[in-house]
Amino acid sequence: MASIPANPYEVLGVSNHASLIEIKSAYRELAKKHHPDAGGNEEKILLINAAWEILKDADHRKEYDRRINETPFFKKEAKQREVRNTRASVAAKVAQGQAAAADNAIAIWLEQVYLPIDRLIGQIINPFSAELKALSADPYDDYLMDSFCYFIENSKKKMLKIKKIYSSIPTPQSASGFSLSLYHCLSQVEDALNELERYTMGYVDDYLHDGQEMLRTAKQWRLRLKEERVKLIII
(Lines give C-alpha, C1' and ligand atoms only; values in the text may rest on other atoms or scores of the structure.)
Protein backbone atom coordinates (compact mmCIF):
# COMPACT_ATOMS: atom_id res chain seq x y z
CA MET A 1 0.00 0.00 0.00
CA ALA A 2 1.47 3.33 -1.07
CA SER A 3 1.88 6.04 1.55
CA ILE A 4 0.34 9.51 1.31
CA PRO A 5 1.84 12.83 2.45
CA ALA A 6 -0.87 13.39 5.09
CA ASN A 7 -2.88 11.57 7.73
CA PRO A 8 -5.97 10.30 5.84
CA TYR A 9 -8.17 10.74 8.90
CA GLU A 10 -7.13 14.37 9.21
CA VAL A 11 -7.53 14.93 5.48
CA LEU A 12 -11.14 13.72 5.62
CA GLY A 13 -11.78 15.32 9.01
CA VAL A 14 -12.91 12.14 10.75
CA SER A 15 -11.94 10.21 13.86
CA ASN A 16 -9.74 7.15 13.48
CA HIS A 17 -12.69 5.27 15.01
CA ALA A 18 -15.11 6.56 12.38
CA SER A 19 -17.33 4.05 10.59
CA LEU A 20 -17.09 3.48 6.86
CA ILE A 21 -20.40 5.30 6.43
CA GLU A 22 -19.03 8.36 8.25
CA ILE A 23 -15.82 8.24 6.22
CA LYS A 24 -17.73 7.91 2.94
CA SER A 25 -20.03 10.80 3.85
CA ALA A 26 -17.07 13.03 4.74
CA TYR A 27 -15.31 12.07 1.51
CA ARG A 28 -18.35 12.89 -0.64
CA GLU A 29 -18.79 16.31 0.94
CA LEU A 30 -15.11 17.20 0.57
CA ALA A 31 -14.94 15.85 -2.98
CA LYS A 32 -17.95 17.93 -3.93
CA LYS A 33 -16.53 21.04 -2.28
CA HIS A 34 -13.00 20.76 -3.68
CA HIS A 35 -13.70 19.24 -7.11
CA PRO A 36 -11.87 21.25 -9.83
CA ASP A 37 -15.14 21.60 -11.78
CA ALA A 38 -16.57 23.42 -8.78
CA GLY A 39 -13.55 25.72 -8.51
CA GLY A 40 -11.64 23.56 -6.07
CA ASN A 41 -7.92 22.95 -5.69
CA GLU A 42 -6.46 20.06 -7.70
CA GLU A 43 -3.81 19.23 -5.06
CA LYS A 44 -6.46 19.15 -2.35
CA ILE A 45 -8.69 16.77 -4.30
CA LEU A 46 -5.70 14.46 -4.87
CA LEU A 47 -5.11 14.31 -1.10
CA ILE A 48 -8.81 13.65 -0.49
CA ASN A 49 -8.89 10.85 -3.08
CA ALA A 50 -5.71 9.30 -1.71
CA ALA A 51 -7.11 9.35 1.83
CA TRP A 52 -10.31 7.72 0.63
CA GLU A 53 -8.40 5.00 -1.20
CA ILE A 54 -6.76 4.01 2.09
CA LEU A 55 -9.74 4.25 4.42
CA LYS A 56 -12.41 2.72 2.18
CA ASP A 57 -10.58 -0.65 2.13
CA ALA A 58 -10.66 -2.50 5.44
CA ASP A 59 -7.31 -4.21 4.88
CA HIS A 60 -5.55 -1.03 3.77
CA ARG A 61 -7.00 0.87 6.70
CA LYS A 62 -5.93 -1.82 9.18
CA GLU A 63 -2.41 -1.82 7.73
CA TYR A 64 -2.21 1.96 7.91
CA ASP A 65 -3.40 1.98 11.53
CA ARG A 66 -0.89 -0.72 12.44
CA ARG A 67 2.05 1.18 10.94
CA ILE A 68 1.00 4.44 12.57
CA ASN A 69 0.49 2.87 16.00
CA GLU A 70 3.94 1.34 15.84
CA THR A 71 5.55 4.73 15.23
CA PRO A 72 6.86 6.23 18.51
CA PHE A 73 6.00 9.76 17.52
CA PHE A 74 2.41 8.86 16.80
CA LYS A 75 2.12 6.87 20.02
CA LYS A 76 3.17 9.98 21.90
CA GLU A 77 0.76 12.20 19.99
CA ALA A 78 -2.15 9.75 19.84
CA LYS A 79 -4.27 11.44 22.51
CA GLN A 80 -3.90 14.91 21.02
CA ARG A 81 -4.65 13.58 17.55
CA GLU A 82 -7.77 11.83 18.81
CA VAL A 83 -9.03 15.09 20.33
CA ARG A 84 -8.39 16.95 17.10
CA ASN A 85 -10.07 14.25 15.05
CA THR A 86 -13.09 14.19 17.33
CA ARG A 87 -13.50 17.95 17.06
CA ALA A 88 -13.02 17.78 13.31
CA SER A 89 -15.57 14.99 13.07
CA VAL A 90 -18.15 17.04 14.94
CA ALA A 91 -17.44 20.06 12.77
CA ALA A 92 -17.67 17.90 9.65
CA LYS A 93 -21.06 16.55 10.72
CA VAL A 94 -22.33 20.10 11.27
CA ALA A 95 -20.99 21.14 7.86
CA GLN A 96 -22.54 18.05 6.27
CA GLY A 97 -25.90 18.93 7.78
CA GLN A 98 -25.67 22.47 6.49
CA ALA A 99 -24.61 21.28 3.04
CA ALA A 100 -27.44 18.74 2.95
CA ALA A 101 -29.95 21.44 3.91
CA ALA A 102 -28.61 23.73 1.17
CA ASP A 103 -28.77 20.95 -1.43
CA ASN A 104 -32.31 20.11 -0.36
CA ALA A 105 -33.38 23.76 -0.71
CA ILE A 106 -31.93 23.92 -4.21
CA ALA A 107 -33.59 20.64 -5.19
CA ILE A 108 -36.97 21.93 -4.02
CA TRP A 109 -36.48 25.24 -5.84
CA LEU A 110 -35.52 23.48 -9.07
CA GLU A 111 -38.49 21.12 -8.84
CA GLN A 112 -41.12 23.68 -7.90
CA VAL A 113 -39.85 26.82 -9.65
CA TYR A 114 -37.32 26.27 -12.41
CA LEU A 115 -38.73 23.13 -14.04
CA PRO A 116 -42.35 24.37 -14.29
CA ILE A 117 -41.10 27.70 -15.65
CA ASP A 118 -38.84 25.98 -18.17
CA ARG A 119 -41.76 23.91 -19.46
CA LEU A 120 -43.90 27.03 -19.89
CA ILE A 121 -41.07 28.90 -21.63
CA GLY A 122 -40.76 25.98 -24.03
CA GLN A 123 -44.48 26.22 -24.78
CA ILE A 124 -43.88 29.81 -25.90
CA ILE A 125 -40.55 29.56 -27.70
CA ASN A 126 -40.90 26.20 -29.44
CA PRO A 127 -44.16 26.83 -31.38
CA PHE A 128 -43.17 30.37 -32.43
CA SER A 129 -41.43 29.44 -35.69
CA ALA A 130 -44.44 27.43 -36.88
CA GLU A 131 -46.84 30.21 -35.89
CA LEU A 132 -44.79 32.82 -37.73
CA LYS A 133 -44.44 30.62 -40.79
CA ALA A 134 -48.21 30.16 -40.94
CA LEU A 135 -48.76 33.91 -40.68
CA SER A 136 -46.15 34.71 -43.34
CA ALA A 137 -48.29 32.95 -45.95
CA ASP A 138 -50.52 36.06 -45.87
CA PRO A 139 -50.11 38.49 -42.93
CA TYR A 140 -53.24 40.33 -44.06
CA ASP A 141 -55.44 37.26 -43.90
CA ASP A 142 -57.81 37.76 -40.96
CA TYR A 143 -57.91 34.09 -40.03
CA LEU A 144 -54.12 33.74 -40.00
CA MET A 145 -53.69 36.99 -38.06
CA ASP A 146 -56.33 35.97 -35.52
CA SER A 147 -54.51 32.66 -35.01
CA PHE A 148 -51.20 34.50 -34.48
CA CYS A 149 -52.85 36.94 -32.05
CA TYR A 150 -54.30 34.01 -30.11
CA PHE A 151 -50.80 32.53 -29.81
CA ILE A 152 -49.50 35.82 -28.40
CA GLU A 153 -52.43 36.21 -26.01
CA ASN A 154 -52.06 32.64 -24.79
CA SER A 155 -48.31 33.13 -24.37
CA LYS A 156 -48.90 36.24 -22.26
CA LYS A 157 -51.17 34.24 -19.99
CA LYS A 158 -48.35 31.74 -19.59
CA MET A 159 -46.01 34.60 -18.67
CA LEU A 160 -48.39 35.66 -15.88
CA LYS A 161 -48.30 32.12 -14.56
CA ILE A 162 -44.51 32.08 -14.85
CA LYS A 163 -44.19 35.27 -12.79
CA LYS A 164 -46.37 33.79 -10.07
CA ILE A 165 -44.26 30.63 -9.94
CA TYR A 166 -41.00 32.61 -9.96
CA SER A 167 -42.00 34.53 -6.83
CA SER A 168 -43.59 31.56 -5.05
CA ILE A 169 -40.43 30.34 -3.30
CA PRO A 170 -37.38 32.38 -2.19
CA THR A 171 -34.31 31.55 -4.23
CA PRO A 172 -31.60 29.68 -2.26
CA GLN A 173 -28.52 31.87 -1.93
CA SER A 174 -26.30 29.38 -3.75
CA ALA A 175 -28.66 29.52 -6.76
CA SER A 176 -28.93 33.32 -6.90
CA GLY A 177 -26.78 33.61 -10.04
CA PHE A 178 -28.82 30.91 -11.77
CA SER A 179 -32.05 32.64 -10.77
CA LEU A 180 -30.77 35.94 -12.19
CA SER A 181 -30.05 34.25 -15.52
CA LEU A 182 -33.56 32.82 -15.49
CA TYR A 183 -34.94 36.30 -14.85
CA HIS A 184 -33.05 37.67 -17.89
CA CYS A 185 -34.48 34.86 -20.02
CA LEU A 186 -38.01 35.66 -18.86
CA SER A 187 -37.50 39.36 -19.55
CA GLN A 188 -36.48 38.58 -23.12
CA VAL A 189 -39.59 36.46 -23.66
CA GLU A 190 -41.89 39.10 -22.18
CA ASP A 191 -40.36 41.91 -24.24
CA ALA A 192 -40.57 39.76 -27.37
CA LEU A 193 -44.28 39.17 -26.88
CA ASN A 194 -44.84 42.90 -26.46
CA GLU A 195 -43.00 43.62 -29.70
CA LEU A 196 -44.93 40.94 -31.57
CA GLU A 197 -48.20 42.35 -30.25
CA ARG A 198 -47.23 45.80 -31.54
CA TYR A 199 -46.60 44.23 -34.94
CA THR A 200 -50.11 42.79 -35.08
CA MET A 201 -51.54 46.26 -34.46
CA GLY A 202 -49.80 48.05 -37.33
CA TYR A 203 -47.80 45.58 -39.42
CA VAL A 204 -44.55 47.42 -38.68
CA ASP A 205 -41.82 44.99 -39.64
CA ASP A 206 -39.35 46.42 -37.12
CA TYR A 207 -41.53 45.16 -34.28
CA LEU A 208 -41.67 41.70 -35.83
CA HIS A 209 -37.90 41.63 -36.34
CA ASP A 210 -37.18 42.79 -32.79
CA GLY A 211 -39.58 40.21 -31.37
CA GLN A 212 -37.88 37.44 -33.34
CA GLU A 213 -34.44 38.49 -32.14
CA MET A 214 -35.58 38.66 -28.52
CA LEU A 215 -37.05 35.17 -28.68
CA ARG A 216 -33.85 33.92 -30.29
CA THR A 217 -31.88 35.44 -27.41
CA ALA A 218 -34.30 33.91 -24.89
CA LYS A 219 -33.79 30.51 -26.51
CA GLN A 220 -30.03 30.86 -26.04
CA TRP A 221 -30.54 31.85 -22.39
CA ARG A 222 -32.74 28.78 -21.92
CA LEU A 223 -30.10 26.45 -23.32
CA ARG A 224 -27.42 27.97 -21.07
CA LEU A 225 -29.71 27.51 -18.07
CA LYS A 226 -30.07 23.83 -18.85
CA GLU A 227 -26.27 23.53 -18.86
CA GLU A 228 -25.87 25.52 -15.64
CA ARG A 229 -28.51 23.52 -13.84
CA VAL A 230 -26.32 20.41 -13.58
CA LYS A 231 -23.68 22.44 -11.74
CA LEU A 232 -26.02 23.48 -8.94
CA ILE A 233 -25.97 20.05 -7.30
CA ILE A 234 -22.95 17.81 -7.83
CA ILE A 235 -23.93 14.28 -6.94
# chains A, B, ... in the order shown; residues from 1 in each chain; ligands from 1

$ residues_around --residues "Ile23 in chain A" --least-positions-apart "3" --cutoff "9 Å" --atoms "only C-alpha atoms" --output "list in words"
Tyr9, Leu12, Gly13, Val14, Ser15, Ala18, Ser19, Leu20, Ala26, Tyr27, Arg28, Trp52, Leu55 and Lys56 of chain A

$ write_last_selection --atoms "N, CA, C and O atoms" --output "PDB file, in the first residue's frame"
ATOM      1  N   TYR A   9      -7.082  10.362   8.013  1.00  0.00           N
ATOM      2  CA  TYR A   9      -8.174  10.738   8.904  1.00  0.00           C
ATOM      3  C   TYR A   9      -8.281  12.257   9.006  1.00  0.00           C
ATOM      4  O   TYR A   9      -9.379  12.822   9.001  1.00  0.00           O
ATOM      5  N   LEU A  12      -9.690  13.826   5.759  1.00  0.00           N
ATOM      6  CA  LEU A  12     -11.144  13.721   5.621  1.00  0.00           C
ATOM      7  C   LEU A  12     -11.892  14.312   6.809  1.00  0.00           C
ATOM      8  O   LEU A  12     -13.119  14.414   6.777  1.00  0.00           O
ATOM      9  N   GLY A  13     -11.139  14.696   7.852  1.00  0.00           N
ATOM     10  CA  GLY A  13     -11.779  15.321   9.005  1.00  0.00           C
ATOM     11  C   GLY A  13     -12.624  14.377   9.824  1.00  0.00           C
ATOM     12  O   GLY A  13     -13.703  14.749  10.299  1.00  0.00           O
ATOM     13  N   VAL A  14     -12.158  13.128   9.979  1.00  0.00           N
ATOM     14  CA  VAL A  14     -12.912  12.143  10.748  1.00  0.00           C
ATOM     15  C   VAL A  14     -12.024  11.535  11.830  1.00  0.00           C
ATOM     16  O   VAL A  14     -10.798  11.594  11.761  1.00  0.00           O
ATOM     17  N   SER A  15     -12.663  10.914  12.810  1.00  0.00           N
ATOM     18  CA  SER A  15     -11.935  10.211  13.863  1.00  0.00           C
ATOM     19  C   SER A  15     -11.370   8.912  13.317  1.00  0.00           C
ATOM     20  O   SER A  15     -11.920   8.338  12.367  1.00  0.00           O
ATOM     21  N   ALA A  18     -13.919   6.302  13.192  1.00  0.00           N
ATOM     22  CA  ALA A  18     -15.114   6.560  12.379  1.00  0.00           C
ATOM     23  C   ALA A  18     -15.515   5.318  11.590  1.00  0.00           C
ATOM     24  O   ALA A  18     -14.668   4.526  11.159  1.00  0.00           O
ATOM     25  N   SER A  19     -16.822   5.169  11.396  1.00  0.00           N
ATOM     26  CA  SER A  19     -17.327   4.054  10.593  1.00  0.00           C
ATOM     27  C   SER A  19     -17.109   4.349   9.111  1.00  0.00           C
ATOM     28  O   SER A  19     -16.839   5.490   8.713  1.00  0.00           O
ATOM     29  N   LEU A  20     -17.253   3.306   8.304  1.00  0.00           N
ATOM     30  CA  LEU A  20     -17.094   3.475   6.857  1.00  0.00           C
ATOM     31  C   LEU A  20     -18.145   4.433   6.307  1.00  0.00           C
ATOM     32  O   LEU A  20     -17.864   5.224   5.406  1.00  0.00           O
ATOM     33  N   ALA A  26     -18.033  11.931   4.692  1.00  0.00           N
ATOM     34  CA  ALA A  26     -17.067  13.026   4.744  1.00  0.00           C
ATOM     35  C   ALA A  26     -16.342  13.176   3.410  1.00  0.00           C
ATOM     36  O   ALA A  26     -16.125  14.286   2.922  1.00  0.00           O
ATOM     37  N   TYR A  27     -15.983  12.037   2.815  1.00  0.00           N
ATOM     38  CA  TYR A  27     -15.307  12.071   1.508  1.00  0.00           C
ATOM     39  C   TYR A  27     -16.180  12.719   0.438  1.00  0.00           C
ATOM     40  O   TYR A  27     -15.721  13.567  -0.329  1.00  0.00           O
ATOM     41  N   ARG A  28     -17.453  12.337   0.382  1.00  0.00           N
ATOM     42  CA  ARG A  28     -18.353  12.886  -0.639  1.00  0.00           C
ATOM     43  C   ARG A  28     -18.493  14.398  -0.502  1.00  0.00           C
ATOM     44  O   ARG A  28     -18.470  15.130  -1.500  1.00  0.00           O
ATOM     45  N   TRP A  52      -9.158   8.603   0.830  1.00  0.00           N
ATOM     46  CA  TRP A  52     -10.313   7.721   0.627  1.00  0.00           C
ATOM     47  C   TRP A  52      -9.870   6.329   0.172  1.00  0.00           C
ATOM     48  O   TRP A  52     -10.415   5.318   0.616  1.00  0.00           O
ATOM     49  N   LEU A  55      -8.762   4.511   3.362  1.00  0.00           N
ATOM     50  CA  LEU A  55      -9.739   4.245   4.416  1.00  0.00           C
ATOM     51  C   LEU A  55     -10.968   3.475   3.951  1.00  0.00           C
ATOM     52  O   LEU A  55     -11.686   2.910   4.777  1.00  0.00           O
ATOM     53  N   LYS A  56     -11.219   3.450   2.639  1.00  0.00           N
ATOM     54  CA  LYS A  56     -12.407   2.721   2.175  1.00  0.00           C
ATOM     55  C   LYS A  56     -12.178   1.209   2.188  1.00  0.00           C
ATOM     56  O   LYS A  56     -13.140   0.437   2.213  1.00  0.00           O
TER      57      LYS A  56
END

$ closest_residue --among "A:Ile121, A:Ala50, A:Leu180, A:Ile152" --to "Lys219 in chain A" --atoms "only C-alpha atoms"
A:Ile121

$ residues_around --residues "Ala218 in chain A" --least-positions-apart "2" --cutoff "7 Å" --atoms "only C-alpha atoms" --output "count of residues only"
9

$ closest_residue --among "A:Ile68, A:Val113, A:Asn16, A:Tyr143" --to "Ser167 in chain A" --atoms "only C-alpha atoms"
A:Val113

$ closest_residue --among "A:Val230, A:Ala105, A:Ile21, A:Met201" --to "Pro139 in chain A" --atoms "only C-alpha atoms"
A:Met201

$ closest_residue --among "A:Ala31, A:Ala58, A:Pro172, A:Arg224" --to "Lys44 in chain A" --atoms "only C-alpha atoms"
A:Ala31
